[in-house]
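As structure tokens, the structure follows; a few thoughts come after it.
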Amino acid sequence: MPGDPIQHLLGPTVGNGARGEGDAIVVERLEKRYPNGMEAVRGISFCVRAGEVFGLLGPNGAGKSTTMGILGTLVRPTSGRAIVAGHDVAKAPHLVRRRIGFAMQEVGLDALATGRELVVLHARLHGLSRREAARRAALVLDLVGIGDAASRRMSEYSGGMRRRVDLASALVHLPPVLFLDEPTEGLDPHGRAAIWDATERLNDELGMTVVLTTHYMEEADRLCERVAIVDRGRIVVEGTPQQLKRTLGAPDAVTLEDVYLHTTGRTLEVAA
Amino acid sequence: MSSATWLLTRRTLIQFPRNPMVLGFSVAPVLMMFLVFGALFEAVKQLPGFPTDNYFEYLAPAAVLMTTVPGIANSAVGLATDIQSRYLHKLLTLPVSIGSIMAGRLLADGARLFVQAGAVLLLAIALGAQVASGFAGALLMLLIGALFGIVTFGVLTANLALKTKDPQAVQAIFPMAFLLIFLTTAYQTDEQVPSGVLRAVISVNPTEYVLQAMRDLMLTGFDWGSIGLAFAVIGGLTLIGLPLTIRNYRSIYS
């Protein structure tokens, strides 16, 4: 489709986001203990403002994905409370699902479907008309750089293409809140750049609230307005990347990886 | 039907032709078995008291069940594949009820079984069999066969898929379906079954009562008593299987 996909997505409206209008997500003393006794999340609390890009950083197994699973209504919390887009994830998960998009760490796609069919199906399940679903699907597939391959079955897609289709399906209904769980894990530089660019534009131009998990500090530094470092199920430090780096010295000379090392006593690789 | 259920039914229906091996292999063995058994046991029809002089006519209802009962397990294989690939989890983040996800798959597979079993019945007709209850009775027979497949092997394999999340585990249980059908009067009448123990087993196998209704439709016409009993069996099995399946579906949420 010619032209800028984001501008077409915006259409006559100004998007679904509500930048600066209170908190999009409120998490209070969230805990998750699995039946095998593993405590994945131990009393996490944080808030994400509407229109903000917020990052949960930490190694694999830190509790980031479980937290995302709870916020995305896939995992039931053991205790605590999480409000997403105005609704409690435990009490009204069906209302939360109407207002979120979730691009998952382990990409769950339908191998027999084409990229376009999958995105259109998700749009229709979100209540869009057939015509609008087709229009939006074309736009978001262009946005993530899959437009030319949209008619191919996903069994033929590379890992990076599958991730991008997953992202397209998560944002086709223009949710106010978008969850990206390790969005660039395993992607080549080109695929990573495409996801970063799309994320920035969705936030800048549509005002979408974005929560992402990553263990790539460079990614967090580039995309996130605020980050929380998660270690062993707890948030150990929270703030803007600049604030966190300033605690150790000049922000230009310090990386978020240094902050992680300083706050947890371990490097990311050792922790993972 | 809700719009979500229809969209998910349509998704599965569109994808059937993309997996022709599954379509072909779920019905080809039944067609072969029908022809082979029909030839092997044809002499049975000469025994006194045998209800028809065309053995294919007698065998057709069992062949329909042999299509629908093991055939529904492909639905569970699809479910296990969706769980393993985590596509089911993706669906669960959408505003779609578990009921719609379950119904979408079952309706599509029910329609597939209806068509496949219809092909088996057409083969029987091509071999000289007649459906005593006519076109409406044939449709009812196919409906009973498809529903029975769903509430027996469909429920069993769906729960296996939900528990193991492994398509291979579901495939491994396929032969069990044939046991359900072999332990009936599928190939010979009750009087011809030689063992008293076997007759006792057949009498407690719910498949027998469903098969009886289907055979009545094939050989004699509408016997509402046996049809009612078949639907009672299907209803009873639904009451047992549905809550169990819904509970296991919900366990997907960790």
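Each chain in the structure tokens gets a letter, A, B and so on, in the order shown; residues start at 1 in every chain, and ligands are counted from 1 in the order they appear.
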
(message) What's around Ile83 in chain B at 9 Å? Count only C-alpha atoms, leave out sequence neighbours fewer than 2 positions away in its own chain, and write the answer as number ranges by chain.
(response) A: 108; B: 78-81, 85-89, 161-162, 165-166, 252

Can you check which parts of range 183-251 of chain A lie within 12 Å of range 146-154 of chain A? Per residue, the shortest pair of atoms and distance in Å to one decimal, counting only C-alpha atoms, sorted by chain and number, as a Markdown table.
```
| residue | atom | partner | partner_atom | distance |
| --- | --- | --- | --- | --- |
| A:Gly191 | CA | A:Ile146 | CA | 10.6 |
| A:Ala194 | CA | A:Ile146 | CA | 10.2 |
| A:Ile195 | CA | A:Ile146 | CA | 11.5 |
```

Residues from the last selection, C-alpha atoms, saved as a JSON list (two decimals), in the first residue's frame:
```
[["chain", "number", "residue", "atom", "x", "y", "z"],
["A", 191, "GLY", "CA", 14.67, -7.44, 11.97],
["A", 194, "ALA", "CA", 12.27, -2.93, 12.03],
["A", 195, "ILE", "CA", 10.76, -3.78, 15.42]]
```

12 Å contacts from chain B to chain A using only C-alpha atoms, as a CSV table (one decimal) with N, CA and C atoms, in the first residue's frame:
```csv
chain,number,residue,atom,x,y,z
B,2,SER,N,-21.9,-17.7,17.9
B,2,SER,CA,-21.3,-16.4,18.0
B,2,SER,C,-20.4,-16.1,16.8
B,3,SER,N,-20.1,-14.8,16.6
B,3,SER,CA,-19.3,-14.5,15.5
B,3,SER,C,-17.8,-15.0,15.7
B,4,ALA,N,-17.4,-15.0,16.9
B,4,ALA,CA,-16.0,-15.6,17.2
B,4,ALA,C,-16.0,-17.1,16.9
B,5,THR,N,-17.0,-17.8,17.2
B,5,THR,CA,-17.1,-19.2,16.9
B,5,THR,C,-17.1,-19.5,15.4
B,6,TRP,N,-17.8,-18.7,14.7
B,6,TRP,CA,-17.9,-18.8,13.3
B,6,TRP,C,-16.5,-18.5,12.7
B,7,LEU,N,-15.8,-17.4,13.1
B,7,LEU,CA,-14.5,-17.1,12.6
B,7,LEU,C,-13.5,-18.2,12.8
B,8,LEU,N,-13.6,-18.8,14.0
B,8,LEU,CA,-12.6,-19.9,14.3
B,8,LEU,C,-13.0,-21.2,13.6
B,9,THR,N,-14.3,-21.4,13.4
B,9,THR,CA,-14.7,-22.6,12.6
B,9,THR,C,-14.2,-22.4,11.1
B,10,ARG,N,-14.4,-21.2,10.6
B,10,ARG,CA,-13.9,-20.9,9.2
B,10,ARG,C,-12.4,-21.0,9.1
B,11,ARG,N,-11.7,-20.6,10.1
B,11,ARG,CA,-10.2,-20.8,10.1
B,11,ARG,C,-9.9,-22.2,9.9
B,12,THR,N,-10.5,-23.1,10.6
B,12,THR,CA,-10.2,-24.5,10.5
B,12,THR,C,-10.6,-25.1,9.2
B,13,LEU,N,-11.8,-24.7,8.7
B,13,LEU,CA,-12.4,-25.2,7.5
B,13,LEU,C,-11.5,-24.8,6.3
B,14,ILE,N,-11.0,-23.6,6.3
B,14,ILE,CA,-10.1,-23.1,5.2
B,14,ILE,C,-8.8,-23.9,5.2
B,15,GLN,N,-8.4,-24.4,6.3
B,15,GLN,CA,-7.1,-25.0,6.4
B,15,GLN,C,-7.1,-26.5,6.1
B,16,PHE,N,-8.3,-27.1,6.1
B,16,PHE,CA,-8.4,-28.6,5.8
B,16,PHE,C,-7.7,-28.9,4.5
B,17,PRO,N,-8.0,-28.2,3.4
B,17,PRO,CA,-7.4,-28.6,2.1
B,17,PRO,C,-5.9,-28.4,2.1
B,18,ARG,N,-5.4,-27.6,3.0
B,18,ARG,CA,-4.0,-27.4,3.0
B,18,ARG,C,-3.2,-28.5,3.6
B,19,ASN,N,-3.9,-29.5,4.2
B,19,ASN,CA,-3.3,-30.6,4.8
B,19,ASN,C,-4.0,-31.9,4.2
B,20,PRO,N,-3.8,-32.1,2.9
B,20,PRO,CA,-4.5,-33.2,2.2
B,20,PRO,C,-4.2,-34.5,2.8
B,78,GLY,N,-4.7,-31.3,16.2
B,78,GLY,CA,-4.7,-29.8,15.9
B,78,GLY,C,-4.6,-29.0,17.1
B,79,LEU,N,-5.4,-29.4,18.1
B,79,LEU,CA,-5.3,-28.7,19.4
B,79,LEU,C,-4.0,-28.8,20.1
B,81,THR,N,-1.2,-29.4,18.6
B,81,THR,CA,-0.2,-28.6,17.8
B,81,THR,C,-0.3,-27.1,18.2
B,82,ASP,N,-1.6,-26.6,18.4
B,82,ASP,CA,-1.8,-25.2,18.7
B,82,ASP,C,-1.2,-24.9,20.1
B,83,ILE,N,-1.3,-25.9,21.0
B,83,ILE,CA,-0.7,-25.7,22.4
B,83,ILE,C,0.8,-25.7,22.3
B,84,GLN,N,1.3,-26.7,21.5
B,84,GLN,CA,2.8,-26.8,21.5
B,84,GLN,C,3.4,-25.6,20.8
B,85,SER,N,2.7,-25.1,19.8
B,85,SER,CA,3.3,-23.9,19.1
B,85,SER,C,2.9,-22.6,19.8
B,86,ARG,N,2.1,-22.7,20.9
B,86,ARG,CA,1.6,-21.6,21.7
B,86,ARG,C,0.6,-20.7,21.0
B,87,TYR,N,0.1,-21.2,19.8
B,87,TYR,CA,-0.9,-20.4,19.2
B,87,TYR,C,-2.2,-20.3,20.0
B,88,LEU,N,-2.5,-21.4,20.8
B,88,LEU,CA,-3.6,-21.4,21.7
B,88,LEU,C,-3.5,-20.2,22.7
B,89,HIS,N,-2.3,-20.1,23.2
B,89,HIS,CA,-2.0,-19.0,24.2
B,89,HIS,C,-2.3,-17.6,23.6
B,90,LYS,N,-1.9,-17.5,22.3
B,90,LYS,CA,-2.1,-16.3,21.6
B,90,LYS,C,-3.6,-16.0,21.5
B,91,LEU,N,-4.4,-17.1,21.2
B,91,LEU,CA,-5.8,-16.9,21.1
B,91,LEU,C,-6.4,-16.5,22.4
B,92,LEU,N,-5.8,-17.0,23.5
B,92,LEU,CA,-6.3,-16.7,24.9
B,92,LEU,C,-6.1,-15.3,25.3
B,93,THR,N,-5.2,-14.6,24.6
B,93,THR,CA,-5.0,-13.1,24.9
B,93,THR,C,-6.0,-12.3,24.2
B,94,LEU,N,-6.8,-12.9,23.3
B,94,LEU,CA,-7.8,-12.1,22.5
B,94,LEU,C,-9.2,-12.2,23.3
B,95,PRO,N,-10.0,-11.3,22.9
B,95,PRO,CA,-11.4,-11.3,23.6
B,95,PRO,C,-12.3,-12.4,23.0
B,96,VAL,N,-11.8,-13.6,23.3
B,96,VAL,CA,-12.6,-14.8,22.8
B,96,VAL,C,-12.7,-15.8,23.9
B,97,SER,N,-13.9,-16.4,24.0
B,97,SER,CA,-14.2,-17.3,25.2
B,97,SER,C,-13.6,-18.7,24.8
B,98,ILE,N,-13.3,-19.4,25.9
B,98,ILE,CA,-12.8,-20.8,25.7
B,98,ILE,C,-13.8,-21.6,24.9
B,100,SER,N,-15.9,-20.6,22.6
B,100,SER,CA,-15.8,-20.3,21.2
B,100,SER,C,-14.6,-21.0,20.6
B,101,ILE,N,-13.5,-21.1,21.3
B,101,ILE,CA,-12.3,-21.8,20.7
B,101,ILE,C,-12.6,-23.3,20.6
B,250,ARG,N,-9.3,-24.7,30.9
B,250,ARG,CA,-9.0,-23.6,31.8
B,250,ARG,C,-7.6,-23.8,32.5
B,251,SER,N,-7.1,-25.0,32.6
B,251,SER,CA,-5.8,-25.2,33.2
B,251,SER,C,-4.7,-24.7,32.3
B,252,ILE,N,-5.0,-24.4,31.1
B,252,ILE,CA,-4.0,-23.8,30.2
B,252,ILE,C,-3.5,-22.5,30.8
B,253,TYR,N,-4.4,-21.7,31.5
B,253,TYR,CA,-4.0,-20.5,32.2
B,253,TYR,C,-3.2,-21.0,33.4
B,254,SER,N,-1.9,-20.6,33.5
B,254,SER,CA,-1.1,-21.1,34.6
B,254,SER,C,-1.4,-20.4,35.9
```

(request) Do a neighbour search on range 179-195 of chain B at 7 Å with only C-alpha atoms, toss out local chain neighbours closer than 4 positions, and write the hits as a PyMOL selection string. (result) chain B and resi 59+62+175+199+202+207-208

(message) So that I can see what lies close to Met66 in chain B, please list as a list in words the residues with an atom at most 10 Å from it, counting only C-alpha atoms and leaving out residues fewer than 6 positions away in the same chain.
(response)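 Surrounding residues, per the criterion: Ser26, Val27, Pro29, Val30, Leu31, Met33, Phe34, Ala60, Ala117, Val120, Gly145, Gly149, Ala177, Phe178, Leu180, Ile181, Phe182 and Ala186 of chain B.
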
(request) Have a look at CA of Gly55 in chain A and CA of Leu212 in chain A and let me know their distance in Å, one decimal. (result)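 Interatomic distance here is 4.9 Å.
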
Polymer residues at most 8 Å from Ala158 in chain B, only C-alpha atoms, same-chain spacing of 2 or more positions, as a PDB file with N, CA and C atoms, in the first residue's frame:
```
ATOM      1  N   ALA B  73     -10.131 -37.545  16.195  1.00  0.00           N
ATOM      2  CA  ALA B  73      -8.866 -37.362  16.914  1.00  0.00           C
ATOM      3  C   ALA B  73      -7.947 -36.379  16.198  1.00  0.00           C
ATOM      4  N   SER B  75      -8.792 -33.614  15.279  1.00  0.00           N
ATOM      5  CA  SER B  75      -9.108 -32.333  15.912  1.00  0.00           C
ATOM      6  C   SER B  75      -8.213 -32.116  17.134  1.00  0.00           C
ATOM      7  N   ALA B  76      -8.022 -33.197  17.905  1.00  0.00           N
ATOM      8  CA  ALA B  76      -7.170 -33.101  19.101  1.00  0.00           C
ATOM      9  C   ALA B  76      -5.704 -32.945  18.709  1.00  0.00           C
ATOM     10  N   LEU B  79      -5.360 -29.422  18.130  1.00  0.00           N
ATOM     11  CA  LEU B  79      -5.345 -28.705  19.410  1.00  0.00           C
ATOM     12  C   LEU B  79      -3.968 -28.810  20.069  1.00  0.00           C
ATOM     13  N   GLY B 154     -13.481 -37.813  20.678  1.00  0.00           N
ATOM     14  CA  GLY B 154     -13.158 -36.385  20.620  1.00  0.00           C
ATOM     15  C   GLY B 154     -12.820 -35.856  22.001  1.00  0.00           C
ATOM     16  N   VAL B 155     -13.669 -36.177  22.971  1.00  0.00           N
ATOM     17  CA  VAL B 155     -13.452 -35.714  24.344  1.00  0.00           C
ATOM     18  C   VAL B 155     -12.174 -36.347  24.922  1.00  0.00           C
ATOM     19  N   LEU B 156     -12.040 -37.659  24.705  1.00  0.00           N
ATOM     20  CA  LEU B 156     -10.870 -38.367  25.245  1.00  0.00           C
ATOM     21  C   LEU B 156      -9.569 -37.771  24.704  1.00  0.00           C
ATOM     22  N   LEU B 160      -6.545 -35.528  26.419  1.00  0.00           N
ATOM     23  CA  LEU B 160      -5.165 -36.011  26.325  1.00  0.00           C
ATOM     24  C   LEU B 160      -4.259 -34.901  25.765  1.00  0.00           C
ATOM     25  N   ALA B 161      -4.766 -34.196  24.753  1.00  0.00           N
ATOM     26  CA  ALA B 161      -3.994 -33.095  24.163  1.00  0.00           C
ATOM     27  C   ALA B 161      -3.755 -31.998  25.191  1.00  0.00           C
ATOM     28  N   LEU B 162      -4.795 -31.690  25.970  1.00  0.00           N
ATOM     29  CA  LEU B 162      -4.663 -30.615  26.966  1.00  0.00           C
ATOM     30  C   LEU B 162      -3.694 -31.010  28.078  1.00  0.00           C
ATOM     31  N   THR B 245     -13.618 -31.420  30.054  1.00  0.00           N
ATOM     32  CA  THR B 245     -12.849 -30.755  28.994  1.00  0.00           C
ATOM     33  C   THR B 245     -12.715 -29.262  29.286  1.00  0.00           C
TER      34      THR B 245
END
```

(message) Could you list, as a ChimeraX atom specification, every residue within 7 Å of Ile229 in chain A, counting only C-alpha atoms and ignoring same-chain residues fewer than 4 positions away?
(response) /A:56-58,235-238

(message) If I take CA of Ala228 in chain A and CA of Phe46 in chain A, how far is one from the other in Å, to one decimal?
(response)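 One can read the CA of Ala228 in chain A to CA of Phe46 in chain A distance as 8.4 Å.
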
(request) Looking only at strand (DSSP E or B) from DSSP on the backbone, list the matching residues of range 154-269 of chain A as an MDAnalysis selection string. (result) chainID A and resid 177:181 209:214 226:231 234:239

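For range 134-144 of chain A, the residues within 7 Å (counting only C-alpha atoms, excluding itself and residues fewer than 6 positions away along the chain) are Pro5, Leu9, Arg116, Val119, Val120, Arg164, Val165, Ala168, Val172, Ala194, Ile195 and Ala198 of chain A.
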
Selection to disk with N, CA and C atoms, as a short mmCIF file (atom, residue, chain, number, x, y, z; two decimals), in the first residue's frame:
```cif
data_model
loop_
_atom_site.label_atom_id
_atom_site.label_comp_id
_atom_site.auth_asym_id
_atom_site.auth_seq_id
_atom_site.Cartn_x
_atom_site.Cartn_y
_atom_site.Cartn_z
N PRO A 5 2.18 3.80 6.44
CA PRO A 5 1.17 2.98 7.12
C PRO A 5 0.61 3.63 8.39
N LEU A 9 -3.17 4.33 9.29
CA LEU A 9 -3.78 3.75 10.48
C LEU A 9 -4.50 4.82 11.29
N ARG A 116 -1.36 -12.74 6.23
CA ARG A 116 -2.53 -11.86 6.12
C ARG A 116 -3.74 -12.49 6.81
N VAL A 119 -3.53 -12.11 10.62
CA VAL A 119 -3.75 -10.77 11.14
C VAL A 119 -5.22 -10.35 10.96
N VAL A 120 -5.80 -10.73 9.82
CA VAL A 120 -7.22 -10.42 9.59
C VAL A 120 -8.08 -11.14 10.63
N ARG A 164 7.57 -10.63 13.47
CA ARG A 164 7.00 -9.38 12.97
C ARG A 164 5.50 -9.55 12.69
N VAL A 165 5.12 -10.74 12.20
CA VAL A 165 3.68 -10.99 12.00
C VAL A 165 2.97 -11.02 13.35
N ALA A 168 2.41 -7.58 14.30
CA ALA A 168 1.31 -7.01 13.50
C ALA A 168 -0.04 -7.46 14.04
N VAL A 172 -3.04 -4.80 15.42
CA VAL A 172 -3.98 -4.51 14.33
C VAL A 172 -5.24 -3.81 14.82
N ALA A 194 13.68 -3.07 12.46
CA ALA A 194 12.27 -2.93 12.03
C ALA A 194 11.34 -2.89 13.24
N ILE A 195 11.61 -3.76 14.22
CA ILE A 195 10.76 -3.78 15.42
C ILE A 195 10.95 -2.50 16.22
N ALA A 198 9.16 0.37 14.45
CA ALA A 198 7.69 0.27 14.57
C ALA A 198 7.25 0.64 15.98
#
```

(request) Using DSSP on the backbone, list every residue of range 175-243 of chain A that comes out as alpha helix (DSSP H), and give them as a list in words. (result)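 Assigned to alpha helix (DSSP H), within range 175-243 of chain A: Pro189, His190, Gly191, Arg192, Ala193, Ala194, Ile195, Trp196, Asp197, Ala198, Thr199, Glu200, Arg201, Leu202, Asn203, Asp204, Glu205, Leu206, Met217, Glu218, Glu219, Ala220, Asp221, Arg222, Leu223, Pro241, Gln242 and Gln243 of chain A.
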